[in-house]
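Engineer: To start, I am sharing the structure in question, which I have written as C-alpha cells.
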Amino acid sequence: MMEKKLVGDLYLDKDPIVFLDFLSDHFLCPKSYKSGFSLTKIYENNFYLLIFIKGKDKDDEFLMFRVANFPESTEAMIDLNEHIINKIGSDRQNYFPAQRKLQEVILQMPAISDMLVKKTK
C-alpha cells in the first residue's frame, strides 16, 4: 500500500514494511512487538506519528501518519489530533497514548519551529 493523502499535508501509510523500515532506519525499533506502542519523530521537516496495534482477534496494525512541511502545517497537526481523538472511543489503549504524545508536540510547536529555522540558517 502506498501513502494515502488524508487532508492537506496529512498522510497515512499502513504498509508494515514501510513502517518497520522507518523504525530500523531511524534506530527506533522496540525491544518487543508483544504489545502496541506509539512514537513520534521529526525528520526532514516532516512529523511522523507511528502507531503499532497488536492484534488480539485480528491482524497487527501498522499506522504511520506523516505531516508534511512541519511545523508550518498547524492545520494538519490539528486534523491529525482530531482523527486520533475520534479513535480513542473505540480503542483507548492504543490511541490515548498516541494522542498524548501528539499533544505534547503540538504544544511545543513554536519552540520546535524556532529550532528548525535556526538549524537551516
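FYI, nothing fancy with the C-alpha cells labels: chains A, B, ... in order, residues from 1 per chain, ligands from 1 as they appear.
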May I have the residues within 9 Å of region 69-85 of chain A as an mmCIF file with N, CA and C atoms, in the first residue's frame, using only C-alpha atoms and disregarding those fewer than 6 positions away in the same chain?
Structural biologist:
data_model
loop_
_atom_site.group_PDB
_atom_site.id
_atom_site.type_symbol
_atom_site.label_atom_id
_atom_site.label_comp_id
_atom_site.auth_asym_id
_atom_site.auth_seq_id
_atom_site.Cartn_x
_atom_site.Cartn_y
_atom_site.Cartn_z
ATOM 1 N N VAL A 7 -5.833 14.634 4.184
ATOM 2 C CA VAL A 7 -6.304 16.012 4.001
ATOM 3 C C VAL A 7 -5.100 16.942 4.094
ATOM 4 N N GLY A 8 -5.071 17.975 3.267
ATOM 5 C CA GLY A 8 -3.976 18.946 3.326
ATOM 6 C C GLY A 8 -2.615 18.284 3.307
ATOM 7 N N ASP A 9 -1.814 18.555 4.337
ATOM 8 C CA ASP A 9 -0.463 18.000 4.459
ATOM 9 C C ASP A 9 -0.417 16.744 5.327
ATOM 10 N N LEU A 10 -1.555 16.094 5.527
ATOM 11 C CA LEU A 10 -1.633 14.907 6.376
ATOM 12 C C LEU A 10 -1.756 13.641 5.523
ATOM 13 N N ILE A 42 10.517 13.648 14.228
ATOM 14 C CA ILE A 42 10.605 14.749 13.272
ATOM 15 C C ILE A 42 11.826 14.468 12.421
ATOM 16 N N GLU A 44 13.482 15.593 8.451
ATOM 17 C CA GLU A 44 13.448 16.335 7.191
ATOM 18 C C GLU A 44 12.172 17.153 7.023
ATOM 19 N N ASN A 45 11.883 17.989 8.005
ATOM 20 C CA ASN A 45 10.700 18.862 8.004
ATOM 21 C C ASN A 45 9.383 18.115 7.880
ATOM 22 N N ASN A 46 9.362 16.862 8.289
ATOM 23 C CA ASN A 46 8.138 16.082 8.370
ATOM 24 C C ASN A 46 7.979 15.595 9.801
ATOM 25 N N PHE A 47 6.733 15.552 10.255
ATOM 26 C CA PHE A 47 6.422 14.997 11.560
ATOM 27 C C PHE A 47 5.780 13.634 11.334
ATOM 28 N N TYR A 95 -4.821 4.354 21.228
ATOM 29 C CA TYR A 95 -4.860 5.712 20.696
ATOM 30 C C TYR A 95 -4.644 6.805 21.739
ATOM 31 N N PHE A 96 -4.998 6.559 22.991
ATOM 32 C CA PHE A 96 -4.801 7.600 24.007
ATOM 33 C C PHE A 96 -3.322 7.933 24.209
ATOM 34 N N ALA A 98 -0.954 7.664 22.057
ATOM 35 C CA ALA A 98 -0.527 8.355 20.830
ATOM 36 C C ALA A 98 -1.005 9.803 20.844
ATOM 37 N N GLN A 99 -2.226 10.014 21.294
ATOM 38 C CA GLN A 99 -2.770 11.373 21.342
ATOM 39 C C GLN A 99 -2.016 12.237 22.342
ATOM 40 N N LEU A 102 1.227 13.249 20.697
ATOM 41 C CA LEU A 102 0.931 14.244 19.669
ATOM 42 C C LEU A 102 0.640 15.599 20.301
ATOM 43 N N GLN A 103 -0.128 15.600 21.368
ATOM 44 C CA GLN A 103 -0.468 16.841 22.064
ATOM 45 C C GLN A 103 0.783 17.536 22.602
ATOM 46 N N ILE A 106 2.366 19.289 19.668
ATOM 47 C CA ILE A 106 1.584 20.467 19.270
ATOM 48 C C ILE A 106 1.874 21.632 20.218
ATOM 49 N N MET A 109 5.236 23.219 19.392
ATOM 50 C CA MET A 109 5.487 23.610 18.001
ATOM 51 C C MET A 109 6.204 24.947 17.846
ATOM 52 N N PRO A 110 5.873 25.994 18.611
ATOM 53 C CA PRO A 110 6.620 27.249 18.436
ATOM 54 C C PRO A 110 8.123 27.081 18.713
ATOM 55 N N ILE A 112 9.861 24.235 18.599
ATOM 56 C CA ILE A 112 10.422 23.349 17.575
ATOM 57 C C ILE A 112 10.642 24.127 16.291
ATOM 58 N N SER A 113 9.692 24.968 15.939
ATOM 59 C CA SER A 113 9.820 25.789 14.730
ATOM 60 C C SER A 113 11.050 26.677 14.806
ATOM 61 N N LEU A 116 14.185 24.568 14.259
ATOM 62 C CA LEU A 116 14.358 24.140 12.874
ATOM 63 C C LEU A 116 14.818 25.293 12.001
#
Engineer: List the neighbours of region 48-61 of chain A out to 10 Å using only C-alpha atoms; skip same-chain residues closer than 6 positions along the sequence, and give me the result as a count of residues only.
Structural biologist: 33
Engineer: Going by DSSP on the backbone, which residues of chain A come out as strand (DSSP E or B)? List them as a PDB file with C-alpha atoms, in the first residue's frame.
Structural biologist:
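Generated file (result24.pdb):
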ATOM      1  CA  LYS A   4      -2.549   7.986   1.172  1.00  0.00           C
ATOM      2  CA  LYS A   5      -3.296  11.695   1.438  1.00  0.00           C
ATOM      3  CA  LEU A   6      -5.952  12.227   4.107  1.00  0.00           C
ATOM      4  CA  VAL A   7      -6.304  16.012   4.001  1.00  0.00           C
ATOM      5  CA  LEU A  10      -1.633  14.907   6.376  1.00  0.00           C
ATOM      6  CA  TYR A  11      -0.788  11.447   5.013  1.00  0.00           C
ATOM      7  CA  LEU A  12      -1.226   7.859   6.203  1.00  0.00           C
ATOM      8  CA  ASP A  13       0.707   4.732   5.275  1.00  0.00           C
ATOM      9  CA  PHE A  37       3.147   1.254  21.080  1.00  0.00           C
ATOM     10  CA  SER A  38       3.263   4.726  19.604  1.00  0.00           C
ATOM     11  CA  LEU A  39       6.118   7.111  18.944  1.00  0.00           C
ATOM     12  CA  THR A  40       6.841  10.393  17.246  1.00  0.00           C
ATOM     13  CA  LYS A  41       9.722  11.520  15.062  1.00  0.00           C
ATOM     14  CA  ILE A  42      10.605  14.749  13.272  1.00  0.00           C
ATOM     15  CA  TYR A  43      12.688  14.105  10.184  1.00  0.00           C
ATOM     16  CA  ASN A  46       8.138  16.082   8.370  1.00  0.00           C
ATOM     17  CA  PHE A  47       6.422  14.997  11.560  1.00  0.00           C
ATOM     18  CA  TYR A  48       5.701  11.285  11.970  1.00  0.00           C
ATOM     19  CA  LEU A  49       3.316   9.599  14.375  1.00  0.00           C
ATOM     20  CA  LEU A  50       3.736   5.822  14.320  1.00  0.00           C
ATOM     21  CA  ILE A  51       1.205   3.560  15.995  1.00  0.00           C
ATOM     22  CA  PHE A  52       1.564  -0.193  16.270  1.00  0.00           C
ATOM     23  CA  ILE A  53      -1.592  -2.009  17.362  1.00  0.00           C
ATOM     24  CA  GLU A  61      -1.979  -2.912  12.513  1.00  0.00           C
ATOM     25  CA  PHE A  62       0.798  -0.532  11.447  1.00  0.00           C
ATOM     26  CA  LEU A  63      -0.149   3.140  11.087  1.00  0.00           C
ATOM     27  CA  MET A  64       2.373   5.755  10.007  1.00  0.00           C
ATOM     28  CA  PHE A  65       0.938   9.269   9.880  1.00  0.00           C
ATOM     29  CA  ARG A  66       3.046  11.986   8.267  1.00  0.00           C
ATOM     30  CA  VAL A  67       2.554  15.727   8.423  1.00  0.00           C
TER      31      VAL A  67
END
Engineer: Which residues in region 7-115 of chain A does DSSP call helix (DSSP H, G or I)? List them as a PyMOL selection string.
Structural biologist: chain A and resi 16-25+74-88+92-107+109-115
Engineer: Any idea what the distance is between CA of Leu28 (chain A) and CA of Gly89 (chain A)?
Structural biologist: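 Pair CA of Leu28 (chain A) / CA of Gly89 (chain A) returns 27.7 Å.
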